[in-house]
Amino acid sequence: MSVRTSAAGLPGFVRTRLVAAMGLGILCAALTACGNGEPEGRGTSAAAASTIAATPPSSGPPSPSASADPTPTISDTPTSEAADTVTGTPDEETLALGDGEASALWGKKYSGTADISVRVYDYCNADGSRRLADSQTYAANSTLDLGRPRTGGDETEDNPFSLLFAAGDPAQAGAVSFWSSAVSTTSGQDLAGNPRDPHLLLTYWDVDWSGGELDARLTDPHTREAVALNLINWSSPVVACRNDLGSLPGGYPHALATGTTFRGPLDASTASLTAEGTSTDGLVEFRIEFEGAAS
């Protein structure tokens, strides 16, 4: 026997509960369809999260993990001033101005001829007094090199440029050399055995250059340190006062004395300079007239 029951045949309180349950089911189905299978609150939150993740912020610094190679900040990027300090190379403005524009002469080399007059003395008189033994005039190929002031240890040459003049073959008699400065690297001791800095800056000349005129004076030959580089090489007998016994091969270098001068017009294209002086032993006097052109 089958039993058929309808809502109308149910008791009143049962029928009321059944209608409420059916309404709730229909409402849940509608909400599920609107939320793509998720409750409304969770669906909206996920969409918002997806939008934030896909769109970068319009302002503010990037996250450190945003790039494997972050763009350097100002503090990470060396300035031109710092770069100049590291490389030791002056910027263009420094080169252009320099010391009265003397830096414009750094790296200049002048080649030409020097006319040299020399008077040589000895003490070969019968009474041992000084006498004139020889005098000569000759010409020699010569060069003048100007450069950046030299630096040794914690000191820098106090001249507008370093100066190196060379006349003749240094291995032959008659050669002359002027050095405005040098850095001693040959010995850690002087002649007396006293220690010295092997990288000590030695300044020989006081150099002034202004208005296209050079005015230089030898102020210290540094013979005490045994680093005399300002020299005139001259023929010398093997035995004093005995020229008949021959001369030293290649000549003998005489250190130039304090007070030797080197002066005249000097610009970026030409040099017309005159040097006058004596040796520290008083045996050689000289005069040099140099004419050179920049190359």
# chains A, B, ... in the order shown; residues from 1 in each chain; ligands from 1
$ residues_around --residues "Asp281 (chain A)" --least-positions-apart "4" --cutoff "9 Å" --atoms "only C-alpha atoms" --output "VMD selection string"
chain A and resid 254 to 257
$ residues_around --residues "region 179-190 of chain A" --least-positions-apart "4" --cutoff "7 Å" --atoms "only C-alpha atoms" --output "PyMOL selection string"
chain A and resi 150+152+162-165+194-205+225-226+229-230
$ write_last_selection --atoms "N, CA, C and O atoms" --output "short mmCIF file (atom, residue, chain, number, x, y, z; two decimals), in the first residue's frame"
data_model
loop_
_atom_site.label_atom_id
_atom_site.label_comp_id
_atom_site.auth_asym_id
_atom_site.auth_seq_id
_atom_site.Cartn_x
_atom_site.Cartn_y
_atom_site.Cartn_z
N ARG A 150 106.59 67.30 -8.81
CA ARG A 150 106.79 65.95 -8.29
C ARG A 150 106.31 65.83 -6.85
O ARG A 150 106.32 66.79 -6.09
N GLY A 152 106.76 63.25 -3.37
CA GLY A 152 107.48 62.17 -2.70
C GLY A 152 107.07 62.12 -1.25
O GLY A 152 107.09 63.14 -0.56
N SER A 162 107.60 70.94 -12.68
CA SER A 162 108.94 70.35 -12.56
C SER A 162 109.70 70.66 -13.84
O SER A 162 109.11 70.80 -14.92
N LEU A 163 111.01 70.76 -13.73
CA LEU A 163 111.84 71.19 -14.85
C LEU A 163 113.02 70.24 -14.99
O LEU A 163 113.67 69.88 -14.00
N LEU A 164 113.30 69.83 -16.22
CA LEU A 164 114.47 69.00 -16.52
C LEU A 164 115.09 69.51 -17.81
O LEU A 164 114.47 69.47 -18.88
N PHE A 165 116.33 70.02 -17.68
CA PHE A 165 117.08 70.50 -18.85
C PHE A 165 118.30 69.62 -19.03
O PHE A 165 119.01 69.30 -18.07
N ASN A 194 123.41 58.29 8.43
CA ASN A 194 122.13 58.64 9.05
C ASN A 194 120.98 58.15 8.18
O ASN A 194 121.03 58.26 6.95
N PRO A 195 119.94 57.60 8.81
CA PRO A 195 118.81 57.10 8.01
C PRO A 195 118.03 58.23 7.37
O PRO A 195 117.96 59.34 7.91
N ARG A 196 117.47 57.96 6.21
CA ARG A 196 116.63 58.94 5.52
C ARG A 196 115.54 58.19 4.77
O ARG A 196 115.68 57.00 4.45
N ASP A 197 114.48 58.87 4.49
CA ASP A 197 113.36 58.29 3.76
C ASP A 197 113.81 58.02 2.31
O ASP A 197 114.20 58.95 1.61
N PRO A 198 113.77 56.78 1.85
CA PRO A 198 114.21 56.50 0.47
C PRO A 198 113.29 57.12 -0.57
O PRO A 198 113.64 57.19 -1.74
N HIS A 199 112.12 57.57 -0.17
CA HIS A 199 111.19 58.24 -1.09
C HIS A 199 111.08 59.73 -0.76
O HIS A 199 110.06 60.35 -1.00
N LEU A 200 112.13 60.28 -0.22
CA LEU A 200 112.13 61.68 0.18
C LEU A 200 112.15 62.59 -1.05
O LEU A 200 112.92 62.37 -1.99
N LEU A 201 111.30 63.60 -1.04
CA LEU A 201 111.29 64.59 -2.12
C LEU A 201 112.45 65.55 -1.91
O LEU A 201 112.62 66.13 -0.85
N LEU A 202 113.26 65.72 -2.95
CA LEU A 202 114.38 66.66 -2.93
C LEU A 202 114.09 67.77 -3.93
O LEU A 202 113.94 67.51 -5.13
N THR A 203 114.01 69.00 -3.46
CA THR A 203 113.77 70.15 -4.34
C THR A 203 115.08 70.93 -4.47
O THR A 203 115.67 71.33 -3.47
N TYR A 204 115.52 71.12 -5.71
CA TYR A 204 116.80 71.78 -5.98
C TYR A 204 116.63 73.26 -6.34
O TYR A 204 117.43 74.09 -5.93
N TRP A 205 115.61 73.56 -7.13
CA TRP A 205 115.44 74.90 -7.68
C TRP A 205 114.20 75.57 -7.13
O TRP A 205 113.17 74.91 -6.87
N GLU A 225 123.21 64.87 0.78
CA GLU A 225 122.51 63.59 0.64
C GLU A 225 123.14 62.71 -0.44
O GLU A 225 122.65 61.62 -0.70
N ALA A 226 124.19 63.22 -1.08
CA ALA A 226 124.85 62.50 -2.18
C ALA A 226 123.88 62.21 -3.32
O ALA A 226 123.93 61.16 -3.96
N LEU A 229 122.15 66.10 -8.74
CA LEU A 229 121.71 65.82 -10.11
C LEU A 229 121.92 67.01 -11.04
O LEU A 229 121.81 66.85 -12.26
N ASN A 230 122.21 68.18 -10.48
CA ASN A 230 122.50 69.36 -11.30
C ASN A 230 124.01 69.40 -11.50
O ASN A 230 124.77 69.72 -10.58
#
$ residues_around --residues "Ala167 (chain A)" --least-positions-apart "6" --cutoff "10 Å" --atoms "only C-alpha atoms" --output "CSV table (one decimal) with C-alpha atoms, in the first residue's frame"
chain,number,residue,atom,x,y,z
A,112,GLY,CA,116.9,73.0,-29.7
A,113,THR,CA,120.5,74.0,-29.4
A,114,ALA,CA,122.5,75.3,-26.5
A,115,ASP,CA,125.6,77.5,-27.0
A,116,ILE,CA,127.8,76.8,-24.0
A,139,ALA,CA,127.2,73.9,-29.1
A,140,ALA,CA,125.1,70.9,-27.9
A,141,ASN,CA,121.7,69.5,-28.8
A,142,SER,CA,119.5,70.2,-25.8
A,143,THR,CA,116.0,69.5,-24.5
A,144,LEU,CA,113.8,71.1,-21.8
A,174,GLY,CA,130.6,69.1,-21.8
A,175,ALA,CA,127.2,67.7,-20.8
A,176,VAL,CA,125.0,69.7,-18.5
A,177,SER,CA,121.8,68.8,-16.6
A,178,PHE,CA,119.3,70.8,-14.5
A,232,ILE,CA,128.3,69.9,-15.6
A,288,ILE,CA,124.4,78.6,-21.5
A,290,PHE,CA,119.3,77.8,-25.1
$ atom_distance --atom1 "CA of Gly292 (chain A)" --atom2 "CA of Lys109 (chain A)"
9.0 Å
$ closest_residue --among "A:Thr260, A:Thr156, A:Ser272, A:Ser235" --to "Tyr121 (chain A)" --atoms "only C-alpha atoms"
A:Ser235
$ atom_distance --atom1 "CA of Phe286 (chain A)" --atom2 "CA of Gly147 (chain A)"
25.8 Å
$ atom_distance --atom1 "CA of Val120 (chain A)" --atom2 "CA of Asp134 (chain A)"
5.0 Å
$ closest_atom_pairs --of "region 129-174 of chain A" --to "region 102-107 of chain A" --cutoff "10 Å" --atoms "only C-alpha atoms" --output "Markdown table"
| residue | atom | partner | partner_atom | distance |
| --- | --- | --- | --- | --- |
| A:Asp145 | CA | A:Gly107 | CA | 7.1 |
| A:Leu146 | CA | A:Trp106 | CA | 5.5 |
| A:Gly147 | CA | A:Trp106 | CA | 4.2 |
| A:Arg148 | CA | A:Trp106 | CA | 5.5 |
| A:Pro149 | CA | A:Trp106 | CA | 8.8 |
| A:Asn159 | CA | A:Ala102 | CA | 9.6 |
| A:Pro160 | CA | A:Ala102 | CA | 5.9 |
| A:Phe161 | CA | A:Trp106 | CA | 6.6 |
| A:Ser162 | CA | A:Trp106 | CA | 8.2 |
| A:Leu163 | CA | A:Trp106 | CA | 9.6 |
$ decode --residues "region 204-235 of chain A" --atoms "N, CA, C and O atoms" --output "tab-separated table (two decimals), in the first residue's frame"
chain	number	residue	atom	x	y	z
A	204	TYR	N	115.52	71.12	-5.71
A	204	TYR	CA	116.80	71.78	-5.98
A	204	TYR	C	116.63	73.26	-6.34
A	204	TYR	O	117.43	74.09	-5.93
A	205	TRP	N	115.61	73.56	-7.13
A	205	TRP	CA	115.44	74.90	-7.68
A	205	TRP	C	114.20	75.57	-7.13
A	205	TRP	O	113.17	74.91	-6.87
A	206	ASP	N	114.28	76.86	-6.99
A	206	ASP	CA	113.12	77.71	-6.73
A	206	ASP	C	112.71	78.28	-8.08
A	206	ASP	O	113.44	79.09	-8.66
A	207	VAL	N	111.56	77.83	-8.58
A	207	VAL	CA	111.13	78.19	-9.93
A	207	VAL	C	109.95	79.15	-9.86
A	207	VAL	O	108.97	78.90	-9.16
A	208	ASP	N	110.06	80.25	-10.60
A	208	ASP	CA	108.95	81.19	-10.73
A	208	ASP	C	108.67	81.38	-12.22
A	208	ASP	O	109.60	81.51	-13.02
A	209	TRP	N	107.39	81.36	-12.56
A	209	TRP	CA	106.99	81.58	-13.95
A	209	TRP	C	105.74	82.44	-13.96
A	209	TRP	O	104.72	82.08	-13.38
A	210	SER	N	105.85	83.61	-14.58
A	210	SER	CA	104.70	84.50	-14.69
A	210	SER	C	104.91	85.43	-15.87
A	210	SER	O	106.05	85.81	-16.18
A	211	GLY	N	103.82	85.77	-16.52
A	211	GLY	CA	103.88	86.67	-17.67
A	211	GLY	C	104.75	86.14	-18.79
A	211	GLY	O	105.33	86.93	-19.55
A	212	GLY	N	104.86	84.80	-18.89
A	212	GLY	CA	105.68	84.22	-19.95
A	212	GLY	C	107.17	84.30	-19.69
A	212	GLY	O	107.97	84.11	-20.62
A	213	GLU	N	107.58	84.57	-18.44
A	213	GLU	CA	108.99	84.69	-18.10
A	213	GLU	C	109.36	83.66	-17.02
A	213	GLU	O	108.70	83.56	-15.99
A	214	LEU	N	110.42	82.92	-17.27
A	214	LEU	CA	110.94	81.97	-16.29
A	214	LEU	C	112.05	82.64	-15.50
A	214	LEU	O	112.94	83.30	-16.06
A	215	ASP	N	112.01	82.47	-14.17
A	215	ASP	CA	113.06	82.97	-13.29
A	215	ASP	C	113.33	81.87	-12.26
A	215	ASP	O	112.58	81.73	-11.28
A	216	ALA	N	114.37	81.09	-12.50
A	216	ALA	CA	114.66	79.94	-11.63
A	216	ALA	C	116.05	80.10	-11.03
A	216	ALA	O	116.99	80.59	-11.67
A	217	ARG	N	116.17	79.63	-9.77
A	217	ARG	CA	117.45	79.74	-9.06
A	217	ARG	C	117.70	78.45	-8.29
A	217	ARG	O	116.82	77.94	-7.59
A	218	LEU	N	118.91	77.93	-8.42
A	218	LEU	CA	119.31	76.72	-7.69
A	218	LEU	C	119.52	77.09	-6.22
A	218	LEU	O	120.37	77.94	-5.90
A	219	THR	N	118.76	76.46	-5.33
A	219	THR	CA	118.81	76.82	-3.91
A	219	THR	C	119.46	75.75	-3.04
A	219	THR	O	119.89	76.04	-1.93
A	220	ASP	N	119.50	74.50	-3.52
A	220	ASP	CA	120.11	73.42	-2.72
A	220	ASP	C	120.60	72.34	-3.67
A	220	ASP	O	119.80	71.66	-4.32
A	221	PRO	N	121.92	72.12	-3.76
A	221	PRO	CA	122.44	71.08	-4.66
A	221	PRO	C	122.28	69.67	-4.11
A	221	PRO	O	122.49	68.69	-4.82
A	222	HIS	N	121.93	69.54	-2.83
A	222	HIS	CA	121.74	68.25	-2.15
A	222	HIS	C	122.98	67.37	-2.24
A	222	HIS	O	122.88	66.14	-2.37
A	223	THR	N	124.14	67.99	-2.13
A	223	THR	CA	125.38	67.20	-2.07
A	223	THR	C	125.50	66.49	-0.72
A	223	THR	O	126.15	65.44	-0.63
A	224	ARG	N	124.87	67.02	0.32
A	224	ARG	CA	124.91	66.36	1.63
A	224	ARG	C	124.27	64.99	1.58
A	224	ARG	O	124.69	64.06	2.27
A	225	GLU	N	123.21	64.87	0.78
A	225	GLU	CA	122.51	63.59	0.64
A	225	GLU	C	123.14	62.71	-0.44
A	225	GLU	O	122.65	61.62	-0.70
A	226	ALA	N	124.19	63.22	-1.08
A	226	ALA	CA	124.85	62.50	-2.18
A	226	ALA	C	123.88	62.21	-3.32
A	226	ALA	O	123.93	61.16	-3.96
A	227	VAL	N	122.97	63.17	-3.56
A	227	VAL	CA	122.03	63.04	-4.68
A	227	VAL	C	122.12	64.31	-5.51
A	227	VAL	O	121.12	64.99	-5.77
A	228	ALA	N	123.33	64.65	-5.92
A	228	ALA	CA	123.54	65.83	-6.76
A	228	ALA	C	123.19	65.46	-8.20
A	228	ALA	O	123.85	64.62	-8.81
A	229	LEU	N	122.15	66.10	-8.74
A	229	LEU	CA	121.71	65.82	-10.11
A	229	LEU	C	121.92	67.01	-11.04
A	229	LEU	O	121.81	66.85	-12.26
A	230	ASN	N	122.21	68.18	-10.48
A	230	ASN	CA	122.50	69.36	-11.30
A	230	ASN	C	124.01	69.40	-11.50
A	230	ASN	O	124.77	69.72	-10.58
A	231	LEU	N	124.43	69.06	-12.72
A	231	LEU	CA	125.84	68.77	-12.96
A	231	LEU	C	126.33	69.38	-14.27
A	231	LEU	O	125.54	69.59	-15.20
A	232	ILE	N	127.63	69.61	-14.32
A	232	ILE	CA	128.33	69.86	-15.57
A	232	ILE	C	129.49	68.88	-15.62
A	232	ILE	O	130.28	68.76	-14.68
A	233	ASN	N	129.51	68.12	-16.70
A	233	ASN	CA	130.52	67.09	-16.86
A	233	ASN	C	131.71	67.67	-17.62
A	233	ASN	O	131.54	68.20	-18.71
A	234	TRP	N	132.92	67.56	-17.02
A	234	TRP	CA	134.06	68.18	-17.68
A	234	TRP	C	135.29	67.29	-17.57
A	234	TRP	O	135.44	66.51	-16.63
A	235	SER	N	136.15	67.46	-18.56
A	235	SER	CA	137.39	66.69	-18.61
A	235	SER	C	138.24	66.97	-17.38
A	235	SER	O	138.38	68.12	-16.96
